[in-house]
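Coordinates as given in protein_18.csv (CSV, C-alpha atoms):
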```
chain,number,residue,atom,x,y,z
A,1417,MET,CA,36.0,-24.4,-46.5
A,1418,LYS,CA,35.6,-27.9,-47.8
A,1419,ASN,CA,39.2,-28.7,-47.2
A,1420,ASN,CA,39.0,-27.4,-43.7
A,1421,LEU,CA,36.1,-29.7,-43.0
A,1422,PHE,CA,38.0,-32.7,-44.1
A,1423,THR,CA,41.4,-31.8,-42.5
A,1424,LYS,CA,40.0,-30.8,-39.2
A,1425,THR,CA,40.5,-33.3,-36.4
A,1426,LYS,CA,37.3,-34.9,-35.3
A,1427,PRO,CA,35.9,-33.5,-32.0
A,1428,ASP,CA,35.6,-37.0,-30.6
A,1429,GLU,CA,39.3,-37.6,-31.3
A,1430,ASN,CA,40.2,-34.4,-29.5
A,1431,LYS,CA,38.1,-35.4,-26.6
A,1432,MET,CA,39.6,-38.8,-26.4
A,1433,LYS,CA,43.2,-37.4,-26.6
A,1434,GLU,CA,42.4,-34.9,-23.8
A,1435,PHE,CA,40.8,-37.6,-21.8
A,1436,GLU,CA,43.8,-40.0,-22.3
A,1437,GLN,CA,46.1,-37.2,-20.9
A,1438,ASN,CA,43.9,-36.8,-17.9
A,1439,VAL,CA,43.9,-40.6,-17.3
A,1440,LYS,CA,47.7,-40.8,-17.6
A,1441,ILE,CA,48.2,-37.8,-15.2
A,1442,ASN,CA,45.8,-39.1,-12.6
A,1443,MET,CA,45.9,-42.9,-12.9
A,1444,LYS,CA,48.4,-43.5,-10.0
A,1445,ARG,CA,46.6,-41.2,-7.6
A,1446,ALA,CA,43.3,-42.9,-8.6
A,1447,TYR,CA,44.7,-46.4,-8.2
A,1448,PHE,CA,46.3,-45.7,-4.8
A,1449,THR,CA,43.2,-44.0,-3.5
A,1450,ALA,CA,41.1,-47.0,-4.5
A,1451,LEU,CA,43.7,-49.3,-3.0
A,1452,GLY,CA,43.5,-47.5,0.3
A,1453,PHE,CA,39.7,-47.6,0.3
A,1454,THR,CA,39.3,-51.3,-0.7
A,1455,GLY,CA,42.5,-52.9,0.4
A,1456,SER,CA,42.8,-55.0,-2.7
A,1457,HIS,CA,44.9,-54.6,-5.9
A,1458,GLU,CA,42.4,-56.2,-8.2
A,1459,SER,CA,39.5,-54.1,-6.9
A,1460,ALA,CA,41.6,-50.9,-6.9
A,1461,LEU,CA,42.5,-51.5,-10.6
A,1462,GLU,CA,39.0,-52.5,-11.6
A,1463,LEU,CA,37.3,-49.6,-9.7
A,1464,SER,CA,39.7,-46.9,-10.7
A,1465,GLN,CA,39.4,-47.9,-14.4
A,1466,GLU,CA,35.6,-48.2,-14.2
A,1467,ALA,CA,35.5,-44.7,-12.7
A,1468,PHE,CA,37.5,-43.4,-15.6
A,1469,ILE,CA,35.1,-45.1,-18.0
A,1470,ARG,CA,32.1,-43.4,-16.3
A,1471,ALA,CA,34.0,-40.1,-16.3
A,1472,TYR,CA,34.5,-40.4,-20.0
A,1473,LYS,CA,30.8,-41.1,-20.6
A,1474,ASN,CA,29.9,-38.0,-18.6
A,1475,TYR,CA,32.9,-35.9,-19.9
A,1476,ASN,CA,30.5,-33.3,-21.4
A,1477,LYS,CA,29.4,-32.5,-17.8
A,1478,PHE,CA,33.0,-31.8,-16.7
A,1479,ASN,CA,33.8,-28.1,-16.2
A,1480,PRO,CA,37.4,-27.6,-17.5
A,1481,ASP,CA,37.9,-24.7,-15.1
A,1482,ARG,CA,37.9,-27.2,-12.3
A,1483,LYS,CA,40.5,-29.8,-11.5
A,1484,PHE,CA,39.9,-33.1,-13.3
A,1485,PHE,CA,40.8,-35.2,-10.2
A,1486,THR,CA,38.4,-33.3,-7.9
A,1487,TRP,CA,35.5,-34.2,-10.3
A,1488,TYR,CA,36.7,-37.7,-10.9
A,1489,TYR,CA,37.2,-38.4,-7.2
A,1490,LYS,CA,33.5,-38.2,-6.5
A,1491,ILE,CA,32.8,-40.9,-9.1
A,1492,LEU,CA,35.6,-43.1,-7.7
A,1493,LYS,CA,34.5,-42.6,-4.1
A,1494,ASN,CA,30.9,-43.6,-4.9
A,1495,LEU,CA,32.1,-46.7,-6.7
A,1496,CYS,CA,34.4,-47.7,-3.8
A,1497,LEU,CA,31.6,-47.1,-1.3
A,1498,ASN,CA,29.3,-49.4,-3.3
A,1499,PHE,CA,32.0,-52.0,-3.5
A,1500,ILE,CA,32.7,-51.9,0.2
A,1501,ARG,CA,28.9,-52.1,1.0
A,1502,ASP,CA,28.4,-55.0,-1.3
A,1503,SER,CA,31.6,-57.0,-0.5
A,1504,LYS,CA,31.3,-56.5,3.3
A,1505,LYS,CA,34.4,-58.5,4.0
A,1506,TYR,CA,38.0,-57.4,3.2
A,1507,ASN,CA,40.5,-59.9,1.9
A,1508,ASN,CA,43.6,-60.7,3.8
A,1509,VAL,CA,46.1,-59.8,1.2
A,1510,SER,CA,48.5,-57.1,2.3
A,1511,PHE,CA,48.2,-53.7,0.5
A,1512,LEU,CA,50.8,-51.9,2.6
A,1513,ASP,CA,54.6,-52.0,2.1
A,1514,SER,CA,57.5,-50.8,4.1
A,1515,THR,CA,58.6,-47.4,2.9
A,1516,ASP,CA,61.7,-47.0,0.7
A,1517,ASN,CA,63.3,-44.4,2.9
A,1518,LEU,CA,64.4,-46.8,5.6
A,1519,PRO,CA,68.0,-47.3,6.7
A,1520,ALA,CA,69.9,-49.7,4.4
A,1521,ASN,CA,71.7,-51.3,7.3
A,1522,SER,CA,68.6,-52.5,9.1
A,1523,THR,CA,68.8,-55.9,10.7
A,1524,PRO,CA,66.5,-58.9,9.7
A,1525,GLN,CA,64.9,-58.4,13.2
A,1526,GLN,CA,64.0,-54.8,12.4
A,1527,ASP,CA,62.7,-55.8,8.9
A,1528,LEU,CA,60.5,-58.3,10.6
A,1529,GLU,CA,59.2,-55.8,13.1
A,1530,ARG,CA,58.4,-53.4,10.3
A,1531,ASP,CA,56.5,-56.0,8.4
A,1532,GLU,CA,54.5,-56.8,11.5
A,1533,THR,CA,53.8,-53.1,12.1
A,1534,GLY,CA,52.6,-52.9,8.5
A,1535,LYS,CA,50.1,-55.7,9.1
A,1536,LEU,CA,48.9,-54.2,12.3
A,1537,VAL,CA,48.4,-50.7,10.7
A,1538,GLN,CA,46.6,-52.4,7.8
A,1539,GLU,CA,44.2,-54.2,10.1
A,1540,ALA,CA,43.6,-51.1,12.1
A,1541,LEU,CA,43.0,-49.0,9.0
A,1542,LEU,CA,40.4,-51.4,7.7
A,1543,LYS,CA,38.6,-51.2,11.1
A,1544,LEU,CA,38.1,-47.5,10.8
A,1545,ASN,CA,34.9,-46.1,9.3
A,1546,PHE,CA,35.1,-44.9,5.7
A,1547,GLU,CA,35.4,-41.2,6.5
A,1548,ASP,CA,38.3,-41.6,8.9
A,1549,ARG,CA,40.1,-44.0,6.6
A,1550,GLU,CA,39.5,-41.7,3.6
A,1551,ILE,CA,41.1,-38.7,5.3
A,1552,ILE,CA,44.1,-40.7,6.6
A,1553,ILE,CA,44.7,-42.3,3.1
A,1554,LEU,CA,44.6,-38.9,1.5
A,1555,LYS,CA,46.9,-37.1,3.9
A,1556,GLU,CA,49.3,-39.7,5.2
A,1557,PHE,CA,49.5,-42.1,2.2
A,1558,GLN,CA,48.8,-39.8,-0.7
A,1559,GLY,CA,50.6,-36.9,0.8
A,1560,LEU,CA,47.9,-34.4,-0.2
A,1561,SER,CA,47.9,-30.9,1.4
A,1562,TYR,CA,45.0,-29.7,3.6
A,1563,LYS,CA,43.9,-27.5,0.7
A,1564,GLU,CA,43.8,-30.3,-1.8
A,1565,ILE,CA,41.9,-32.5,0.7
A,1566,SER,CA,39.4,-29.7,1.4
A,1567,GLU,CA,38.8,-29.3,-2.4
A,1568,LEU,CA,38.3,-33.1,-2.8
A,1569,LEU,CA,35.9,-33.4,0.2
A,1570,ASN,CA,34.3,-30.0,-0.2
A,1571,LEU,CA,35.1,-29.1,3.4
A,1572,PRO,CA,36.8,-26.1,5.0
A,1573,GLU,CA,40.5,-26.6,5.7
A,1574,GLY,CA,39.9,-26.3,9.5
A,1575,THR,CA,37.4,-29.1,9.3
A,1576,VAL,CA,39.9,-31.3,7.4
A,1577,MET,CA,42.5,-30.7,10.1
A,1578,SER,CA,40.0,-31.5,12.9
A,1579,LYS,CA,38.8,-34.7,11.1
A,1580,LEU,CA,42.3,-35.8,10.5
A,1581,PHE,CA,43.2,-35.3,14.2
A,1582,TYR,CA,40.3,-37.4,15.4
A,1583,ALA,CA,40.9,-40.0,12.7
A,1584,ARG,CA,44.5,-40.4,13.8
A,1585,LYS,CA,43.4,-40.6,17.4
A,1586,LYS,CA,41.0,-43.4,16.6
A,1587,LEU,CA,43.7,-45.2,14.7
A,1588,LEU,CA,46.1,-44.9,17.7
A,1589,LYS,CA,43.4,-46.3,20.0
A,1590,LEU,CA,43.0,-49.3,17.7
A,1591,LEU,CA,46.8,-49.8,17.7
A,1592,LYS,CA,47.3,-49.2,21.5
A,1593,GLY,CA,48.5,-52.3,23.2
A,1594,VAL,CA,50.0,-53.7,20.0
A,1595,LEU,CA,52.5,-51.0,19.2
B,1451,MET,CA,41.0,-28.8,23.3
B,1452,THR,CA,40.0,-25.7,21.4
B,1453,GLU,CA,39.6,-25.7,17.6
B,1454,TYR,CA,42.3,-23.1,17.4
B,1455,ASN,CA,44.8,-25.3,19.4
B,1456,LEU,CA,43.9,-28.3,17.3
B,1457,ILE,CA,44.6,-26.4,14.0
B,1458,LEU,CA,47.8,-25.1,15.4
B,1459,MET,CA,48.9,-28.6,16.4
B,1460,GLU,CA,48.1,-29.9,12.9
B,1461,LYS,CA,50.2,-27.2,11.4
B,1462,ILE,CA,53.1,-28.1,13.6
B,1463,LEU,CA,52.7,-31.8,12.7
B,1464,ASP,CA,52.5,-31.0,9.0
B,1465,GLY,CA,55.5,-28.7,9.2
B,1466,SER,CA,53.5,-25.8,7.8
B,1467,ALA,CA,53.5,-23.6,10.9
B,1468,ASN,CA,55.5,-20.3,10.8
B,1469,ALA,CA,57.9,-19.2,13.5
B,1470,ALA,CA,55.3,-17.3,15.5
B,1471,GLU,CA,52.9,-20.2,15.4
B,1472,LYS,CA,55.7,-22.6,16.6
B,1473,ALA,CA,56.5,-20.3,19.5
B,1474,GLU,CA,52.9,-20.0,20.4
B,1475,PHE,CA,52.5,-23.8,20.4
B,1476,GLU,CA,55.6,-24.3,22.5
B,1477,GLN,CA,54.0,-22.0,25.1
B,1478,ILE,CA,50.8,-23.9,25.0
B,1479,ILE,CA,52.3,-27.3,25.6
B,1480,ILE,CA,54.3,-25.9,28.5
B,1481,ASN,CA,51.2,-24.7,30.1
B,1482,GLU,CA,48.9,-27.6,29.2
B,1483,PRO,CA,50.2,-31.1,29.9
B,1484,LYS,CA,47.1,-32.6,28.3
B,1485,MET,CA,47.8,-30.9,25.1
B,1486,LYS,CA,51.4,-32.1,25.2
B,1487,LYS,CA,50.2,-35.6,25.6
B,1488,GLU,CA,47.9,-35.3,22.6
B,1489,PHE,CA,50.7,-33.9,20.6
B,1490,GLU,CA,53.1,-36.7,21.5
B,1491,GLU,CA,50.4,-39.3,20.6
B,1492,GLN,CA,49.7,-37.6,17.2
B,1493,LYS,CA,53.5,-37.5,16.5
B,1494,HIS,CA,53.8,-41.1,17.4
B,1495,ILE,CA,51.0,-42.3,15.1
B,1496,LYS,CA,52.4,-40.2,12.3
B,1497,GLU,CA,55.8,-41.8,12.7
B,1498,VAL,CA,54.2,-45.3,12.6
B,1499,LEU,CA,52.3,-44.3,9.4
B,1500,LYS,CA,55.5,-43.1,7.8
B,1501,MET,CA,56.9,-46.6,8.1
B,1502,VAL,CA,54.4,-48.0,5.6
B,1503,GLN,CA,53.2,-47.0,2.2
B,1504,LEU,CA,50.6,-48.3,-0.3
B,1505,LYS,CA,51.9,-51.2,-2.3
B,1506,ASN,CA,53.1,-50.2,-5.8
B,1507,PRO,CA,52.0,-52.6,-8.5
B,1508,THR,CA,54.3,-53.8,-11.2
B,1509,ASN,CA,55.2,-51.5,-14.2
B,1510,GLU,CA,53.0,-53.7,-16.5
B,1511,VAL,CA,50.0,-52.4,-14.6
B,1512,TRP,CA,50.8,-48.8,-15.4
B,1513,ASP,CA,51.9,-49.6,-19.0
B,1514,GLY,CA,48.5,-51.3,-19.7
B,1515,TYR,CA,46.4,-49.0,-17.7
B,1516,TRP,CA,45.2,-46.7,-20.4
B,1517,GLU,CA,44.9,-49.5,-22.9
B,1518,GLY,CA,42.6,-51.4,-20.5
B,1519,ILE,CA,40.3,-48.3,-20.2
B,1520,TYR,CA,40.3,-47.8,-24.0
B,1521,ASN,CA,39.5,-51.5,-24.7
B,1522,ARG,CA,36.6,-51.4,-22.3
B,1523,LEU,CA,35.2,-48.2,-23.8
B,1524,GLU,CA,35.5,-49.7,-27.3
B,1525,ARG,CA,33.7,-52.9,-26.1
B,1526,SER,CA,30.9,-51.0,-24.4
B,1527,ILE,CA,30.2,-49.3,-27.8
B,1528,ALA,CA,30.2,-52.8,-29.5
B,1529,TRP,CA,27.8,-54.1,-26.9
B,1530,LEU,CA,25.5,-51.2,-27.4
B,1531,PHE,CA,25.2,-52.0,-31.1
B,1532,ILE,CA,24.7,-55.7,-30.4
B,1533,PHE,CA,21.9,-54.9,-27.9
B,1534,ALA,CA,20.3,-52.3,-30.2
B,1535,GLY,CA,20.3,-54.7,-33.2
B,1536,ALA,CA,19.1,-57.7,-31.1
B,1537,ALA,CA,16.3,-55.6,-29.6
B,1538,VAL,CA,15.0,-54.5,-33.1
B,1539,LEU,CA,15.3,-58.2,-34.4
B,1540,LEU,CA,13.4,-59.5,-31.3
B,1541,ALA,CA,10.7,-56.9,-31.7
B,1542,LEU,CA,10.2,-57.7,-35.4
B,1543,GLY,CA,10.3,-61.4,-34.8
B,1544,SER,CA,7.7,-61.1,-32.0
B,1545,TYR,CA,5.5,-59.0,-34.2
B,1546,GLU,CA,5.7,-61.5,-37.0
B,1547,ALA,CA,5.0,-64.4,-34.6
B,1548,VAL,CA,1.9,-62.7,-33.1
B,1549,GLU,CA,0.6,-61.8,-36.5
B,1550,THR,CA,1.0,-65.4,-37.8
B,1551,PHE,CA,-0.6,-66.7,-34.6
B,1552,LEU,CA,-3.6,-64.4,-34.9
B,1553,ALA,CA,-4.0,-65.1,-38.6
B,1554,ASP,CA,-4.1,-68.8,-38.0
B,1555,THR,CA,-7.8,-69.9,-38.6
B,1556,GLN,CA,-7.2,-73.3,-36.9
B,1557,THR,CA,-6.7,-71.9,-33.4
B,1558,PRO,CA,-9.9,-71.2,-31.4
B,1559,ALA,CA,-10.6,-67.5,-30.7
B,1560,VAL,CA,-10.5,-67.9,-26.9
B,1561,ILE,CA,-6.9,-69.2,-27.0
B,1562,LYS,CA,-5.9,-66.4,-29.4
B,1563,TYR,CA,-7.3,-63.7,-27.1
B,1564,SER,CA,-5.9,-65.3,-23.9
B,1565,THR,CA,-2.5,-65.6,-25.4
B,1566,ALA,CA,-2.7,-62.0,-26.7
B,1567,ALA,CA,-3.6,-60.9,-23.1
B,1568,VAL,CA,-0.7,-62.8,-21.6
B,1569,VAL,CA,1.8,-61.3,-24.1
B,1570,PHE,CA,0.4,-57.8,-23.6
B,1571,GLY,CA,0.6,-58.2,-19.8
B,1572,LEU,CA,4.2,-59.4,-20.0
B,1573,THR,CA,5.1,-56.5,-22.3
B,1574,LEU,CA,3.5,-54.0,-19.9
B,1575,LEU,CA,5.3,-55.6,-17.0
B,1576,LEU,CA,8.7,-55.4,-18.7
B,1577,PHE,CA,8.0,-51.8,-19.8
B,1578,SER,CA,7.0,-50.9,-16.2
B,1579,VAL,CA,10.2,-52.4,-14.7
B,1580,ILE,CA,12.4,-50.7,-17.2
B,1581,ARG,CA,10.7,-47.4,-16.8
B,1582,GLU,CA,10.9,-47.6,-13.0
B,1583,LYS,CA,14.6,-48.5,-13.1
B,1584,LEU,CA,15.4,-45.6,-15.5
B,1585,PHE,CA,13.2,-43.1,-13.6
B,1586,THR,CA,14.7,-44.1,-10.2
B,1587,ARG,CA,18.2,-43.8,-11.5
B,1588,LYS,CA,17.6,-40.3,-12.8
B,1589,HIS,CA,15.5,-38.9,-9.9
B,1590,ASP,CA,16.6,-40.8,-6.8
B,1591,LYS,CA,17.7,-38.1,-4.4
B,1592,TYR,CA,19.2,-40.6,-2.0
B,1593,LYS,CA,21.3,-42.6,-4.5
B,1594,GLU,CA,24.5,-41.3,-3.0
B,1595,ILE,CA,23.5,-42.4,0.5
B,1596,GLN,CA,24.7,-45.7,1.8
B,1597,ARG,CA,21.7,-47.9,2.7
```
Take the structure in the file and give it back as structure tokens.
Amino acid sequence: MKNNLFTKTKPDENKMKEFEQNVKINMKRAYFTALGFTGSHESALELSQEAFIRAYKNYNKFNPDRKFFTWYYKILKNLCLNFIRDSKKYNNVSFLDSTDNLPANSTPQQDLERDETGKLVQEALLKLNFEDREIIILKEFQGLSYKEISELLNLPEGTVMSKLFYARKKLLKLLKGVL
Amino acid sequence: MTEYNLILMEKILDGSANAAEKAEFEQIIINEPKMKKEFEEQKHIKEVLKMVQLKNPTNEVWDGYWEGIYNRLERSIAWLFIFAGAAVLLALGSYEAVETFLADTQTPAVIKYSTAAVVFGLTLLLFSVIREKLFTRKHDKYKEIQR
């Protein structure tokens, strides 16, 4: 019994290891979500890490039957909302890139056009309200399924589809005339 | 546009529609030009969005990501100890200072009692602010709402 007590791994150590695993599995998704929301690398890094720290401090409230990211997402979203509310102005640094799956033989003119499109999309995205931007980031940039989005936002799948449709429509309206 | 048609369109755009749904949608856009226009617009914006992606940071960011969190967690524990220790030391020091001040026979009683009243008032004020902050944080129903 005495030996068991001393050889047993400390509960805090187990908790930390489990948490570390959760961070490593979800860090990219967390960072990119924050990047889509805030439009800045530094803020995305800071906020996604801060959300993990808050998650760790409240880890005893996490229900292991649920998905970690669904629980963590609420913390991250609130942090990002507060950040956006407080900073009011977005920086002008680009947070979008051309995708990798583009033809290798594209001309410099085509590359230039793509860069320009990226800038316009970024500007339009930042003009959308948070809800519309959120759903576009989750679906079009993070590639989440309707089911995953409905879990994250706690909405029925049909509502997710409808919100997505109207969010894209608003984006198109903002881009009309420039694309 | 009906909710049903909208959901059907989303499934087509997402590539998750089955053969029957595809056939049904084909029929709808033949009969409803407005629906066809909406579909073309949605397809266009999806294509535009496919051309861009969120910028990937350098590998160093991912390599140091967990370490950054771990270091901050460790430091927050250190700060907690520093604040707790400093608070105890400050309280003891203040108590000693007040006791010495009150025991001093040279200072007139009126100054002693006025000073004691000011110190008591400031302590009460500080306590009230801290209590309000802690209470509001715990019980504010509207804290998730953007003001």
Among the residues B:Ile1519, B:Ile1479, B:Leu1540, B:Met1459, the one that comes closest to chain A [using all atoms listed in the file]: B:Ile1519
Residue neighbourhood range 1464-1474 of chain B, 12 Å, all atoms listed in the file, exclusion window fewer than 2 positions, as a PyMOL selection string: (chain A and resi 1555-1556+1559-1562+1577+1580-1581) or (chain B and resi 1454-1455+1457-1462+1476-1481+1492-1493+1496-1497)
Just-selected residues, C-alpha atoms written as a PDB file, in the coordinates of the input:
```
ATOM      1  CA  LYS A1555      46.900 -37.100   3.900  1.00  0.00           C
ATOM      2  CA  GLU A1556      49.300 -39.700   5.200  1.00  0.00           C
ATOM      3  CA  GLY A1559      50.600 -36.900   0.800  1.00  0.00           C
ATOM      4  CA  LEU A1560      47.900 -34.400  -0.200  1.00  0.00           C
ATOM      5  CA  SER A1561      47.900 -30.900   1.400  1.00  0.00           C
ATOM      6  CA  TYR A1562      45.000 -29.700   3.600  1.00  0.00           C
ATOM      7  CA  MET A1577      42.500 -30.700  10.100  1.00  0.00           C
ATOM      8  CA  LEU A1580      42.300 -35.800  10.500  1.00  0.00           C
ATOM      9  CA  PHE A1581      43.200 -35.300  14.200  1.00  0.00           C
TER      10      PHE A1581
ATOM     11  CA  TYR B1454      42.300 -23.100  17.400  1.00  0.00           C
ATOM     12  CA  ASN B1455      44.800 -25.300  19.400  1.00  0.00           C
ATOM     13  CA  ILE B1457      44.600 -26.400  14.000  1.00  0.00           C
ATOM     14  CA  LEU B1458      47.800 -25.100  15.400  1.00  0.00           C
ATOM     15  CA  MET B1459      48.900 -28.600  16.400  1.00  0.00           C
ATOM     16  CA  GLU B1460      48.100 -29.900  12.900  1.00  0.00           C
ATOM     17  CA  LYS B1461      50.200 -27.200  11.400  1.00  0.00           C
ATOM     18  CA  ILE B1462      53.100 -28.100  13.600  1.00  0.00           C
ATOM     19  CA  GLU B1476      55.600 -24.300  22.500  1.00  0.00           C
ATOM     20  CA  GLN B1477      54.000 -22.000  25.100  1.00  0.00           C
ATOM     21  CA  ILE B1478      50.800 -23.900  25.000  1.00  0.00           C
ATOM     22  CA  ILE B1479      52.300 -27.300  25.600  1.00  0.00           C
ATOM     23  CA  ILE B1480      54.300 -25.900  28.500  1.00  0.00           C
ATOM     24  CA  ASN B1481      51.200 -24.700  30.100  1.00  0.00           C
ATOM     25  CA  GLN B1492      49.700 -37.600  17.200  1.00  0.00           C
ATOM     26  CA  LYS B1493      53.500 -37.500  16.500  1.00  0.00           C
ATOM     27  CA  LYS B1496      52.400 -40.200  12.300  1.00  0.00           C
ATOM     28  CA  GLU B1497      55.800 -41.800  12.700  1.00  0.00           C
TER      29      GLU B1497
END
```
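Every protein, DNA or RNA residue with an atom at most 6 Å from range 1439-1452 of chain A, where all atoms listed in the file count and chain neighbours fewer than 4 positions away do not, is listed here: Ser1456, Ala1460 and Ser1464 of chain A.
We find CA of Asp1531 in chain A and CA of Glu1490 in chain B to be spaced 23.6 Å apart.
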Expected answer as a VMD selection string: chain A residues within 8 Å of chain B, only C-alpha atoms: chain A and resid 1436 1439 to 1440 1443 to 1444 1448 1451 to 1452 1457 1465 to 1466 1468 to 1469 1494 1497 to 1498 1501 1511 to 1515 1518 1530 1533 to 1534 1537 1556 to 1557 1574 1577 to 1578 1581 1584 to 1585 1587 to 1588
Produce a file of the selected residues containing C-alpha atoms, as a PDB file, in the frame of the given file.
```pdb
ATOM      1  CA  GLU A1436      43.800 -40.000 -22.300  1.00  0.00           C
ATOM      2  CA  VAL A1439      43.900 -40.600 -17.300  1.00  0.00           C
ATOM      3  CA  LYS A1440      47.700 -40.800 -17.600  1.00  0.00           C
ATOM      4  CA  MET A1443      45.900 -42.900 -12.900  1.00  0.00           C
ATOM      5  CA  LYS A1444      48.400 -43.500 -10.000  1.00  0.00           C
ATOM      6  CA  PHE A1448      46.300 -45.700  -4.800  1.00  0.00           C
ATOM      7  CA  LEU A1451      43.700 -49.300  -3.000  1.00  0.00           C
ATOM      8  CA  GLY A1452      43.500 -47.500   0.300  1.00  0.00           C
ATOM      9  CA  HIS A1457      44.900 -54.600  -5.900  1.00  0.00           C
ATOM     10  CA  GLN A1465      39.400 -47.900 -14.400  1.00  0.00           C
ATOM     11  CA  GLU A1466      35.600 -48.200 -14.200  1.00  0.00           C
ATOM     12  CA  PHE A1468      37.500 -43.400 -15.600  1.00  0.00           C
ATOM     13  CA  ILE A1469      35.100 -45.100 -18.000  1.00  0.00           C
ATOM     14  CA  ASN A1494      30.900 -43.600  -4.900  1.00  0.00           C
ATOM     15  CA  LEU A1497      31.600 -47.100  -1.300  1.00  0.00           C
ATOM     16  CA  ASN A1498      29.300 -49.400  -3.300  1.00  0.00           C
ATOM     17  CA  ARG A1501      28.900 -52.100   1.000  1.00  0.00           C
ATOM     18  CA  PHE A1511      48.200 -53.700   0.500  1.00  0.00           C
ATOM     19  CA  LEU A1512      50.800 -51.900   2.600  1.00  0.00           C
ATOM     20  CA  ASP A1513      54.600 -52.000   2.100  1.00  0.00           C
ATOM     21  CA  SER A1514      57.500 -50.800   4.100  1.00  0.00           C
ATOM     22  CA  THR A1515      58.600 -47.400   2.900  1.00  0.00           C
ATOM     23  CA  LEU A1518      64.400 -46.800   5.600  1.00  0.00           C
ATOM     24  CA  ARG A1530      58.400 -53.400  10.300  1.00  0.00           C
ATOM     25  CA  THR A1533      53.800 -53.100  12.100  1.00  0.00           C
ATOM     26  CA  GLY A1534      52.600 -52.900   8.500  1.00  0.00           C
ATOM     27  CA  VAL A1537      48.400 -50.700  10.700  1.00  0.00           C
ATOM     28  CA  GLU A1556      49.300 -39.700   5.200  1.00  0.00           C
ATOM     29  CA  PHE A1557      49.500 -42.100   2.200  1.00  0.00           C
ATOM     30  CA  GLY A1574      39.900 -26.300   9.500  1.00  0.00           C
ATOM     31  CA  MET A1577      42.500 -30.700  10.100  1.00  0.00           C
ATOM     32  CA  SER A1578      40.000 -31.500  12.900  1.00  0.00           C
ATOM     33  CA  PHE A1581      43.200 -35.300  14.200  1.00  0.00           C
ATOM     34  CA  ARG A1584      44.500 -40.400  13.800  1.00  0.00           C
ATOM     35  CA  LYS A1585      43.400 -40.600  17.400  1.00  0.00           C
ATOM     36  CA  LEU A1587      43.700 -45.200  14.700  1.00  0.00           C
ATOM     37  CA  LEU A1588      46.100 -44.900  17.700  1.00  0.00           C
TER      38      LEU A1588
END
```
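Of the residues listed (A:Gly1455, A:Ala1471, A:Glu1434, A:Ile1491), A:Gly1455 shows the shortest atom-to-atom separation from Ile1553 in chain A; distances use all atoms listed in the file.
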Between CA of Leu1572 in chain B and CA of Ala1536 in chain B, distance in Å (one decimal): 18.7 Å
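Between CA of Phe1585 in chain B and CA of Gly1535 in chain B the interatomic distance comes to 23.9 Å.
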Pick from A:Ser1510, A:Asn1438, A:Asn1570, A:Asn1545 nearest to Lys1490 in chain A, counting all atoms listed in the file: A:Asn1570
Exercise: range 1558-1569 of chain B partners within 12 Å, only C-alpha atoms, chain neighbours under 4 positions left out, as a list in words: Ser1544, Tyr1545, Ala1547, Val1548, Glu1549, Thr1550, Phe1551, Leu1552, Ala1553, Asp1554, Thr1573, Leu1574, Leu1575 and Leu1576 of chain B
